[in-house]
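*Asks:* Enclosed is the structure file start_33.txt (compact mmCIF, C-alpha atoms).
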# COMPACT_ATOMS: atom_id res chain seq x y z
CA MET A 27 9.87 48.34 -50.07
CA ALA A 28 11.02 46.79 -46.87
CA HIS A 29 9.31 43.65 -47.99
CA ALA A 30 11.08 43.55 -51.35
CA GLU A 31 14.40 44.05 -49.61
CA GLY A 32 13.57 41.22 -47.24
CA GLN A 33 12.85 38.91 -50.14
CA GLN A 34 16.11 39.80 -51.81
CA HIS A 35 17.89 39.35 -48.53
CA ALA A 36 16.39 35.90 -48.08
CA HIS A 37 17.18 35.07 -51.66
CA ALA A 38 20.79 36.12 -51.35
CA GLN A 39 21.04 34.16 -48.12
CA GLY A 40 19.54 31.15 -49.83
CA GLN A 41 22.17 31.23 -52.51
CA GLN A 42 24.97 31.61 -50.03
CA HIS A 43 23.91 28.51 -48.17
CA ALA A 44 23.61 25.48 -50.36
CA HIS A 45 20.74 24.17 -48.21
CA ALA A 46 18.58 27.11 -49.24
CA GLN A 47 15.80 26.44 -46.75
CA GLY A 48 17.43 27.91 -43.67
CA GLN A 49 16.34 31.29 -42.37
CA GLN A 50 19.66 32.82 -41.39
CA HIS A 51 19.76 36.33 -40.07
CA PRO A 52 22.23 38.18 -37.89
CA ILE A 53 21.68 37.72 -34.17
CA GLY A 54 21.47 41.48 -33.66
CA ILE A 55 18.02 41.69 -35.24
CA TYR A 56 16.62 39.18 -32.74
CA LEU A 57 18.12 41.05 -29.81
CA LYS A 58 16.75 44.37 -31.07
CA ILE A 59 13.26 42.95 -31.55
CA TRP A 60 13.48 41.36 -28.12
CA GLY A 61 14.29 44.75 -26.63
CA LEU A 62 11.46 46.40 -28.56
CA LEU A 63 9.00 43.78 -27.32
CA PHE A 64 10.12 44.46 -23.76
CA ILE A 65 9.59 48.19 -24.21
CA LEU A 66 6.16 47.69 -25.81
CA SER A 67 5.10 45.31 -23.02
CA ALA A 68 6.23 47.81 -20.41
CA LEU A 69 4.25 50.51 -22.20
CA SER A 70 1.08 48.43 -22.36
CA TYR A 71 1.48 47.56 -18.68
CA SER A 72 1.87 51.24 -17.83
CA VAL A 73 -1.47 51.93 -19.56
CA ASP A 74 -3.01 50.00 -16.67
CA TYR A 75 -0.58 51.19 -14.02
CA PHE A 76 -1.25 54.88 -14.72
CA HIS A 77 -5.02 54.33 -14.95
CA PHE A 78 -5.77 55.54 -18.45
CA HIS A 79 -9.47 55.22 -19.16
CA GLY A 80 -11.94 55.27 -22.00
CA TYR A 81 -11.05 55.55 -25.66
CA LEU A 82 -7.42 56.54 -24.99
CA ARG A 83 -6.91 53.33 -23.00
CA TRP A 84 -8.47 51.09 -25.66
CA PHE A 85 -6.58 52.85 -28.44
CA LEU A 86 -3.21 52.47 -26.68
CA ILE A 87 -3.87 48.83 -25.78
CA ILE A 88 -4.69 47.95 -29.38
CA VAL A 89 -1.75 49.89 -30.84
CA PHE A 90 0.80 48.22 -28.54
CA MET A 91 -0.82 44.84 -29.07
CA LEU A 92 -0.72 45.08 -32.86
CA LEU A 93 2.88 46.34 -32.83
CA LYS A 94 3.96 43.41 -30.65
CA ALA A 95 2.04 40.88 -32.72
CA GLY A 96 3.48 42.31 -35.94
CA LEU A 97 7.06 42.17 -34.67
CA ILE A 98 6.69 38.58 -33.49
CA VAL A 99 5.15 37.36 -36.74
CA ALA A 100 7.39 39.37 -39.06
CA VAL A 101 10.77 38.80 -37.44
CA PHE A 102 10.66 35.96 -34.89
CA MET A 103 8.47 33.83 -37.16
CA HIS A 104 10.40 35.03 -40.25
CA MET A 105 7.23 35.94 -42.11
CA MET A 106 8.81 39.03 -43.71
CA TRP A 107 11.36 36.82 -45.43
CA GLU A 108 8.88 34.24 -46.73
CA ARG A 109 7.43 34.18 -50.23
CA LEU A 110 4.21 36.10 -50.75
CA ALA A 111 2.33 32.88 -51.61
CA LEU A 112 2.83 31.61 -48.05
CA MET A 113 2.34 35.00 -46.44
CA TYR A 114 -1.01 35.62 -48.15
CA ALA A 115 -2.20 32.05 -47.48
CA ILE A 116 -1.76 32.66 -43.75
CA VAL A 117 -2.57 36.35 -43.33
CA VAL A 118 -5.56 36.86 -45.67
CA PRO A 119 -7.89 34.25 -44.05
CA LEU A 120 -7.48 36.12 -40.76
CA LEU A 121 -9.54 38.97 -42.24
CA LEU A 122 -12.55 36.65 -41.89
CA LEU A 123 -12.22 37.13 -38.16
CA MET A 124 -13.35 40.73 -38.59
CA THR A 125 -16.69 39.35 -39.82
CA LEU A 126 -16.92 37.15 -36.75
CA VAL A 127 -16.18 40.12 -34.48
CA GLY A 128 -18.91 42.10 -36.24
CA ILE A 129 -21.48 39.33 -35.88
CA GLY A 130 -20.57 38.84 -32.22
CA ALA A 131 -20.88 42.56 -31.49
CA LEU A 132 -24.29 42.82 -33.19
CA GLU A 133 -25.55 39.79 -31.30
CA ALA A 134 -24.15 41.05 -28.01
CA ASP A 135 -25.76 44.48 -28.44
CA TYR A 136 -29.13 42.87 -29.12
CA THR A 137 -28.80 40.51 -26.12
CA PHE A 138 -27.86 43.44 -23.90
CA PHE A 139 -30.87 45.38 -25.16
CA THR A 140 -33.33 42.56 -24.53
CA ARG A 141 -31.82 41.83 -21.11
CA SER A 142 -32.05 45.49 -20.18
CA VAL A 143 -35.70 45.58 -21.17
CA PHE A 144 -36.47 42.30 -19.44
CA PHE A 145 -34.69 43.06 -16.18
CA LEU A 146 -35.79 46.72 -16.27
CA LYS A 147 -32.38 47.99 -15.35
CA GLY A 148 -29.48 49.45 -17.24
CA LEU A 149 -31.00 51.11 -20.30
CA PHE A 150 -34.37 52.15 -18.92
CA MET B 20 3.49 35.27 -68.47
CA THR B 21 3.87 32.75 -65.74
CA GLN B 22 6.82 30.49 -66.27
CA ALA B 23 7.13 26.90 -65.25
CA ILE B 24 9.02 26.85 -61.97
CA ARG B 25 11.44 24.15 -60.97
CA THR B 26 10.30 22.54 -57.76
CA LYS B 27 13.17 20.32 -56.84
CA PRO B 28 13.25 20.74 -53.08
CA GLY B 29 16.27 22.30 -51.53
CA GLU B 30 17.24 24.67 -54.31
CA PRO B 31 16.44 28.36 -54.49
CA LEU B 32 13.65 29.00 -56.96
CA PRO B 33 13.11 31.98 -59.25
CA LEU B 34 10.49 34.36 -57.98
CA ALA B 35 8.50 36.85 -60.04
CA GLU B 36 7.60 40.14 -58.35
CA GLY B 37 4.29 40.62 -56.53
CA LEU B 38 1.08 39.07 -57.81
CA ASP B 39 2.80 37.25 -60.68
CA GLY B 40 4.88 35.40 -58.11
CA ILE B 41 1.81 34.26 -56.20
CA VAL B 42 0.03 33.13 -59.37
CA GLY B 43 3.20 31.35 -60.48
CA ASP B 44 3.61 29.55 -57.17
CA TRP B 45 -0.02 28.47 -56.83
CA SER B 46 -0.55 27.44 -60.47
CA SER B 47 2.61 25.43 -60.95
CA ASP B 48 0.69 22.23 -60.17
CA GLN B 49 3.32 20.91 -57.80
CA ARG B 50 4.20 22.61 -54.56
CA ALA B 51 2.47 25.86 -53.69
CA PHE B 52 4.86 26.68 -50.86
CA LYS B 53 8.32 26.70 -52.36
CA ASN B 54 11.61 27.17 -50.54
CA VAL B 55 10.04 26.03 -47.28
CA PRO B 56 10.18 22.47 -45.96
CA TRP B 57 6.72 20.90 -46.08
CA GLY B 58 6.71 20.56 -42.30
CA LYS B 59 7.02 24.30 -41.97
CA ALA B 60 4.14 24.98 -44.35
CA MET B 61 2.02 22.46 -42.44
CA MET B 62 2.93 24.08 -39.11
CA TRP B 63 1.82 27.45 -40.51
CA ILE B 64 -1.50 25.96 -41.59
CA PHE B 65 -1.96 24.34 -38.17
CA LEU B 66 -1.22 27.69 -36.54
CA LEU B 67 -3.79 29.35 -38.80
CA SER B 68 -6.44 26.90 -37.60
CA ASP B 69 -5.31 27.38 -34.00
CA THR B 70 -5.65 31.12 -34.49
CA PHE B 71 -9.29 30.57 -35.36
CA ILE B 72 -9.82 28.50 -32.21
CA PHE B 73 -8.33 31.17 -29.95
CA SER B 74 -10.18 33.88 -31.86
CA SER B 75 -13.45 32.05 -31.30
CA PHE B 76 -12.72 32.04 -27.56
CA LEU B 77 -11.80 35.71 -27.51
CA ILE B 78 -14.78 36.72 -29.63
CA SER B 79 -17.20 34.75 -27.46
CA TYR B 80 -15.58 36.45 -24.45
CA MET B 81 -16.23 39.80 -26.15
CA THR B 82 -19.84 38.79 -26.77
CA VAL B 83 -20.58 37.76 -23.18
CA ARG B 84 -18.79 40.79 -21.78
CA MET B 85 -20.74 43.17 -24.02
CA SER B 86 -24.07 41.52 -23.33
CA THR B 87 -23.93 41.15 -19.54
CA THR B 88 -25.93 43.57 -17.44
CA GLU B 89 -23.84 42.86 -14.35
CA PRO B 90 -20.65 44.90 -13.89
CA TRP B 91 -17.52 43.12 -15.15
CA PRO B 92 -14.92 42.48 -12.41
CA ASN B 93 -11.97 44.87 -12.78
CA PRO B 94 -9.02 42.67 -13.82
CA SER B 95 -6.59 45.32 -12.62
CA GLU B 96 -7.81 44.73 -9.06
CA VAL B 97 -8.58 41.02 -9.33
CA PHE B 98 -5.03 40.22 -10.43
CA ALA B 99 -3.27 42.66 -8.09
CA LEU B 100 -0.63 41.27 -5.73
CA THR B 101 0.60 42.68 -2.46
CA LEU B 102 4.38 42.87 -2.61
CA PHE B 103 6.48 44.42 0.18
CA GLY B 104 3.38 45.99 1.67
CA HIS B 105 2.27 47.66 -1.58
CA LYS B 106 -0.66 46.54 -3.65
CA ILE B 107 0.57 46.49 -7.24
CA PRO B 108 -2.04 46.03 -9.97
CA LEU B 109 -1.59 43.21 -12.47
CA ILE B 110 2.05 42.67 -11.47
CA LEU B 111 1.99 38.87 -11.76
CA ILE B 112 0.55 39.08 -15.28
CA ALA B 113 3.19 41.63 -16.26
CA ILE B 114 5.99 39.34 -15.03
CA MET B 115 4.44 36.41 -16.90
CA THR B 116 4.37 38.54 -20.05
CA PHE B 117 8.06 39.39 -19.74
CA ILE B 118 8.94 35.75 -19.12
CA LEU B 119 7.08 34.58 -22.20
CA ILE B 120 8.67 37.29 -24.37
CA SER B 121 12.11 36.32 -23.09
CA SER B 122 11.42 32.70 -23.98
CA SER B 123 10.52 33.85 -27.48
CA GLY B 124 13.83 35.68 -27.71
CA THR B 125 15.85 32.62 -26.68
CA MET B 126 13.80 30.47 -29.07
CA ALA B 127 14.54 32.78 -32.01
CA MET B 128 18.25 32.55 -31.22
CA ALA B 129 18.03 28.76 -30.87
CA VAL B 130 16.67 28.63 -34.44
CA LYS B 131 19.57 30.75 -35.66
CA PHE B 132 22.22 28.62 -33.94
CA GLY B 133 20.43 25.48 -35.08
CA TYR B 134 20.86 26.41 -38.72
CA GLU B 135 24.52 27.11 -37.96
CA LYS B 136 24.66 23.51 -36.66
CA ASN B 137 25.95 24.72 -33.32
CA LYS B 138 24.50 21.85 -31.31
CA LYS B 139 25.61 22.88 -27.86
CA ILE B 140 24.31 26.45 -27.92
CA THR B 141 21.08 25.38 -29.63
CA PHE B 142 20.58 22.76 -26.91
CA ILE B 143 21.21 25.25 -24.12
CA LEU B 144 18.93 27.90 -25.65
CA LEU B 145 16.16 25.35 -26.15
CA LEU B 146 16.44 24.27 -22.52
CA ILE B 147 16.33 27.91 -21.35
CA THR B 148 13.21 28.39 -23.47
CA ALA B 149 11.63 25.30 -21.93
CA ALA B 150 12.57 26.45 -18.42
CA LEU B 151 11.00 29.88 -19.01
CA GLY B 152 7.89 28.20 -20.39
CA ALA B 153 7.67 25.94 -17.35
CA THR B 154 8.06 29.00 -15.11
CA PHE B 155 5.19 30.62 -16.94
CA VAL B 156 2.96 27.58 -16.38
CA GLY B 157 3.98 27.52 -12.72
CA MET B 158 3.00 31.16 -12.26
CA GLN B 159 -0.27 30.46 -14.00
CA ALA B 160 -0.94 27.61 -11.59
CA PHE B 161 -0.26 30.05 -8.72
CA GLU B 162 -2.63 32.57 -10.29
CA TRP B 163 -5.40 29.99 -10.70
CA THR B 164 -4.95 28.75 -7.13
CA LYS B 165 -5.17 32.27 -5.76
CA LEU B 166 -8.24 33.02 -7.84
CA ILE B 167 -10.06 29.82 -6.94
CA VAL B 168 -9.11 29.54 -3.26
CA GLU B 169 -8.83 33.15 -2.12
CA GLU B 170 -11.11 35.08 -4.48
CA GLY B 171 -13.72 32.34 -4.87
CA VAL B 172 -13.91 32.57 -8.66
CA ARG B 173 -15.77 29.68 -10.27
CA PRO B 174 -16.74 29.04 -13.89
CA TRP B 175 -20.37 29.65 -12.91
CA GLY B 176 -19.92 32.71 -10.74
CA ASN B 177 -17.76 34.92 -8.57
CA PRO B 178 -18.26 37.43 -5.77
CA MET B 179 -17.00 40.40 -7.83
CA GLY B 180 -19.59 40.72 -10.57
CA ALA B 181 -20.59 39.13 -13.86
CA ALA B 182 -20.71 35.34 -13.67
CA GLN B 183 -19.23 35.02 -17.17
CA PHE B 184 -15.86 36.30 -15.90
CA GLY B 185 -14.91 32.91 -14.49
CA SER B 186 -15.89 30.80 -17.47
CA ALA B 187 -14.16 33.13 -19.95
CA PHE B 188 -11.03 33.31 -17.77
CA PHE B 189 -10.65 29.58 -17.16
CA MET B 190 -11.43 28.67 -20.76
CA ILE B 191 -9.05 31.15 -22.39
CA THR B 192 -6.08 30.99 -20.03
CA GLY B 193 -6.56 27.26 -19.54
CA PHE B 194 -6.37 26.59 -23.24
CA HIS B 195 -3.35 28.84 -23.54
CA GLY B 196 -1.64 27.20 -20.57
CA THR B 197 -2.22 23.80 -22.18
CA HIS B 198 -0.51 25.06 -25.31
CA VAL B 199 2.46 26.27 -23.27
CA SER B 200 2.71 22.93 -21.43
CA ILE B 201 2.66 20.95 -24.68
CA GLY B 202 5.24 23.36 -26.07
CA VAL B 203 7.56 22.74 -23.11
CA ILE B 204 7.36 18.98 -23.67
CA PHE B 205 8.13 19.36 -27.36
CA LEU B 206 10.97 21.80 -26.63
CA ILE B 207 12.60 19.18 -24.44
CA ILE B 208 12.13 16.51 -27.13
CA VAL B 209 13.67 18.76 -29.79
CA ALA B 210 16.52 19.71 -27.45
CA ILE B 211 17.33 16.02 -26.93
CA LYS B 212 17.22 15.40 -30.68
CA VAL B 213 19.63 18.29 -31.19
CA ILE B 214 22.21 17.25 -28.60
CA ARG B 215 22.11 13.59 -29.69
CA GLY B 216 22.93 14.67 -33.23
CA ASP B 217 19.74 13.19 -34.68
CA LEU B 218 19.33 16.21 -36.89
CA ASP B 219 22.85 16.01 -38.33
CA HIS B 220 22.27 12.44 -39.45
CA GLN B 221 18.59 12.88 -40.41
CA ARG B 222 17.71 10.05 -38.05
CA PRO B 223 13.97 9.25 -38.12
CA GLY B 224 12.00 10.27 -35.02
CA PHE B 225 10.45 7.64 -32.74
CA LEU B 226 6.91 8.91 -33.08
CA THR B 227 6.40 9.75 -36.73
CA GLY B 228 9.50 8.15 -38.22
CA ARG B 229 10.01 11.40 -40.08
CA LYS B 230 13.53 12.40 -41.01
CA GLY B 231 14.28 15.95 -40.12
CA GLY B 232 17.14 18.37 -40.37
CA TYR B 233 17.55 21.59 -38.43
CA GLU B 234 14.33 22.99 -39.90
CA ILE B 235 12.48 21.14 -37.13
CA VAL B 236 14.00 23.61 -34.68
CA GLU B 237 12.48 26.41 -36.71
CA ILE B 238 9.12 24.60 -36.90
CA MET B 239 9.22 24.17 -33.12
CA GLY B 240 10.03 27.88 -32.95
CA LEU B 241 6.97 28.77 -35.01
CA TYR B 242 4.76 26.97 -32.51
CA TRP B 243 6.47 28.61 -29.56
CA HIS B 244 6.26 32.12 -31.00
CA PHE B 245 2.60 31.48 -31.72
CA VAL B 246 2.02 30.71 -28.04
CA ASP B 247 3.67 34.03 -27.21
CA LEU B 248 1.56 35.74 -29.87
CA VAL B 249 -1.68 34.41 -28.39
CA TRP B 250 -0.59 35.70 -24.97
CA VAL B 251 -0.16 39.19 -26.47
CA PHE B 252 -3.84 39.16 -27.42
CA ILE B 253 -5.01 37.61 -24.14
CA PHE B 254 -2.98 40.18 -22.18
CA ALA B 255 -4.52 43.03 -24.17
CA PHE B 256 -8.13 41.89 -24.31
CA PHE B 257 -8.62 40.00 -21.08
CA TYR B 258 -6.27 41.61 -18.57
CA LEU B 259 -5.90 45.19 -19.77
CA TRP B 260 -9.28 45.92 -21.36
Represent the structure contained in this file as C-alpha cells.
*Replies:*
Amino acid sequence: MAHAEGQQHAHAQGQQHAHAQGQQHPIGIYLKIWGLLFILSALSYSVDYFHFHGYLRWFLIIVFMLLKAGLIVAVFMHMMWERLALMYAIVVPLLLLMTLVGIGALEADYTFFTRSVFFLKGLF
Amino acid sequence: MTQAIRTKPGEPLPLAEGLDGIVGDWSSDQRAFKNVPWGKAMMWIFLLSDTFIFSSFLISYMTVRMSTTEPWPNPSEVFALTLFGHKIPLILIAIMTFILISSSGTMAMAVKFGYEKNKKITFILLLITAALGATFVGMQAFEWTKLIVEEGVRPWGNPMGAAQFGSAFFMITGFHGTHVSIGVIFLIIVAIKVIRGDLDHQRPGFLTGRKGGYEIVEIMGLYWHFVDLVWVFIFAFFYLW
C-alpha cells in the first residue's frame, strides 16, 4: 500500500514539474529519517555499551542494521518512489548473496571441524 | 495486455500496476528504466556490483571468523578509547557512524535543493557533506594509526588473538575508506559544477564531456548514500558482532 501511494506521489510530482525526472519531496521527510537513523544508531551502539550477549545481541544488531539500511535505500536513495522495474532489477539479485552466505558458512564449519581435529583442541 | 509505452525521455510515462508494469517496461524494446535519467540507472547498476564486492569481503570475513580456532579479538575492547579518564568502548566508531549519517542527511537535502535549482544552498550542503566525509576519513586514519602503532595489529597477526582479524579489518575498512575518499573528491567536483552554473546550462564536463542537469547531484547522492549504507553493515558485522 505504502508503495502504491509512493508511486502515485512520484507520478503526481512528475506531472507537476515539467522535467519529470526530478525526485522532489518535502524536506521534512529527510529530517525525520535523519532523526530516525540517529536513534537507531544510538540503539545499536547501546547494544554494545550495555553488554548484551548471545542471541539477543545478534538479533538486535541485525534488526537495527536492516532498519537503517531500509530507511537509507527507501527514502534517501528514493527507491520507494522508483518504478518497480528498477527496484526489482536492483533488489532481487541481492538474494543471491544468501546463497553465498550459506556456502561460506558450510565451508567455514567444515574447516573449523578439520582444524579442531588436526590441532586436537576446541571440539575434542 | 501490455501496451506500447512512449519512451521519449523527460515525459512522465503511463505505468500499469504491479507485474504488468514490470513486463511492460522490460518488453518495450527501448528503455527498460523509464522516468530515470540513464546516468541514474547506470549508477544503480554500478552500486549493485559494488554491493557484491563488499558482500564478498564481509562473507569471507564471516568464513575466516567462523573457521578460526583462535579466539577472535573483542572489537569492543580493541576500539575502546580513554576519554576524560574513562575507558569508553567503541566510542570512536560510534562518532564516525554519526558523522557519516549526518553527511547522508545533508546530501539528501542537497539533492532536494538541487532540483529546486537553488545553487547556493546546494553548494553549501555539498561542501558540508564533503567536510563530514573528510572528517570520517581523518578519524579512520587516526584509528588505523592507533591500531598499527599502539596495538601492534598487522594483516598477518596481532597480539590479541586470531591472525585473520588484521587482514579482515584492513581489507574491509580500507576499501570502505577508499570509497569515502573518492566520494569526497567527487562531491567537491559536483559542488563546483553547481556553483559555476554548469548544470543550469548543461555544459559538458571536462572528463566525460557529458551534459548533465541537476540529476547529477542525485546520482552523486546515490553513491554517497551507498557509502553510508556499506558502513551500516560494517558497523554491525565487524564492530558490534
*Asks:* Kindly give the distance, in Å, that separates CA of Ile214 in chain B and CA of Lys138 in chain B, rounded to a single decimal.
*Replies:*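 These atoms are spaced 5.8 Å apart.
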*Asks:* Would you mind telling me which residue in B:Ser86, B:Val42, B:Phe76, B:Val203 lies nearest to chain A when using all atoms listed in the file?
*Replies:* B:Ser86
*Asks:* If you count all atoms listed in the file, which residues fall within 9 Å of Val101 in chain A, apart from same-chain ones fewer than 5 positions away, as a PyMOL selection string?
*Replies:* (chain A and resi 55-56+59+96+106-107) or (chain B and resi 127)
*Asks:* Would you output that residue set with C-alpha atoms, as a compact mmCIF listing (two decimals), in the coordinates of the input?
*Replies:*
# COMPACT_ATOMS: atom_id res chain seq x y z
CA ILE A 55 18.02 41.69 -35.24
CA TYR A 56 16.62 39.18 -32.74
CA ILE A 59 13.26 42.95 -31.55
CA GLY A 96 3.48 42.31 -35.94
CA MET A 106 8.81 39.03 -43.71
CA TRP A 107 11.36 36.82 -45.43
CA ALA B 127 14.54 32.78 -32.01
*Asks:* Any idea what the distance is between CA of His198 in chain B and CA of Phe102 in chain A?
*Replies:*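 Those two atoms sit 18.3 Å apart.
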*Asks:* Of the candidates A:Met113, A:Ala134, A:Leu97, A:Leu86, which shows the shortest atom-to-atom distance to chain B, using only C-alpha atoms?
*Replies:* A:Ala134
*Asks:* Which is closest to chain A among B:Phe205, B:Phe188, B:Phe52, B:Trp163, if we use all atoms listed in the file?
*Replies:*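 Using all atoms listed in the file, the shortest distance to chain A belongs to B:Phe52.
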*Asks:* What gap, in Å, lies between CA of Met91 in chain A and CA of Phe252 in chain B?
*Replies:* 6.6 Å
*Asks:* Of the candidates A:Gly128, A:Leu122, A:Phe76, A:Leu112, which shows the shortest atom-to-atom distance to chain B, using only C-alpha atoms?
*Replies:*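 Nearest to chain B: A:Leu112.
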*Asks:* Would you mind telling me which residue in A:Phe78, A:Phe85, A:Phe138, A:Phe90 lies nearest to chain B when using all atoms listed in the file?
*Replies:*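 Looking only at the distances to chain B, the closest residue turns out to be A:Phe138.
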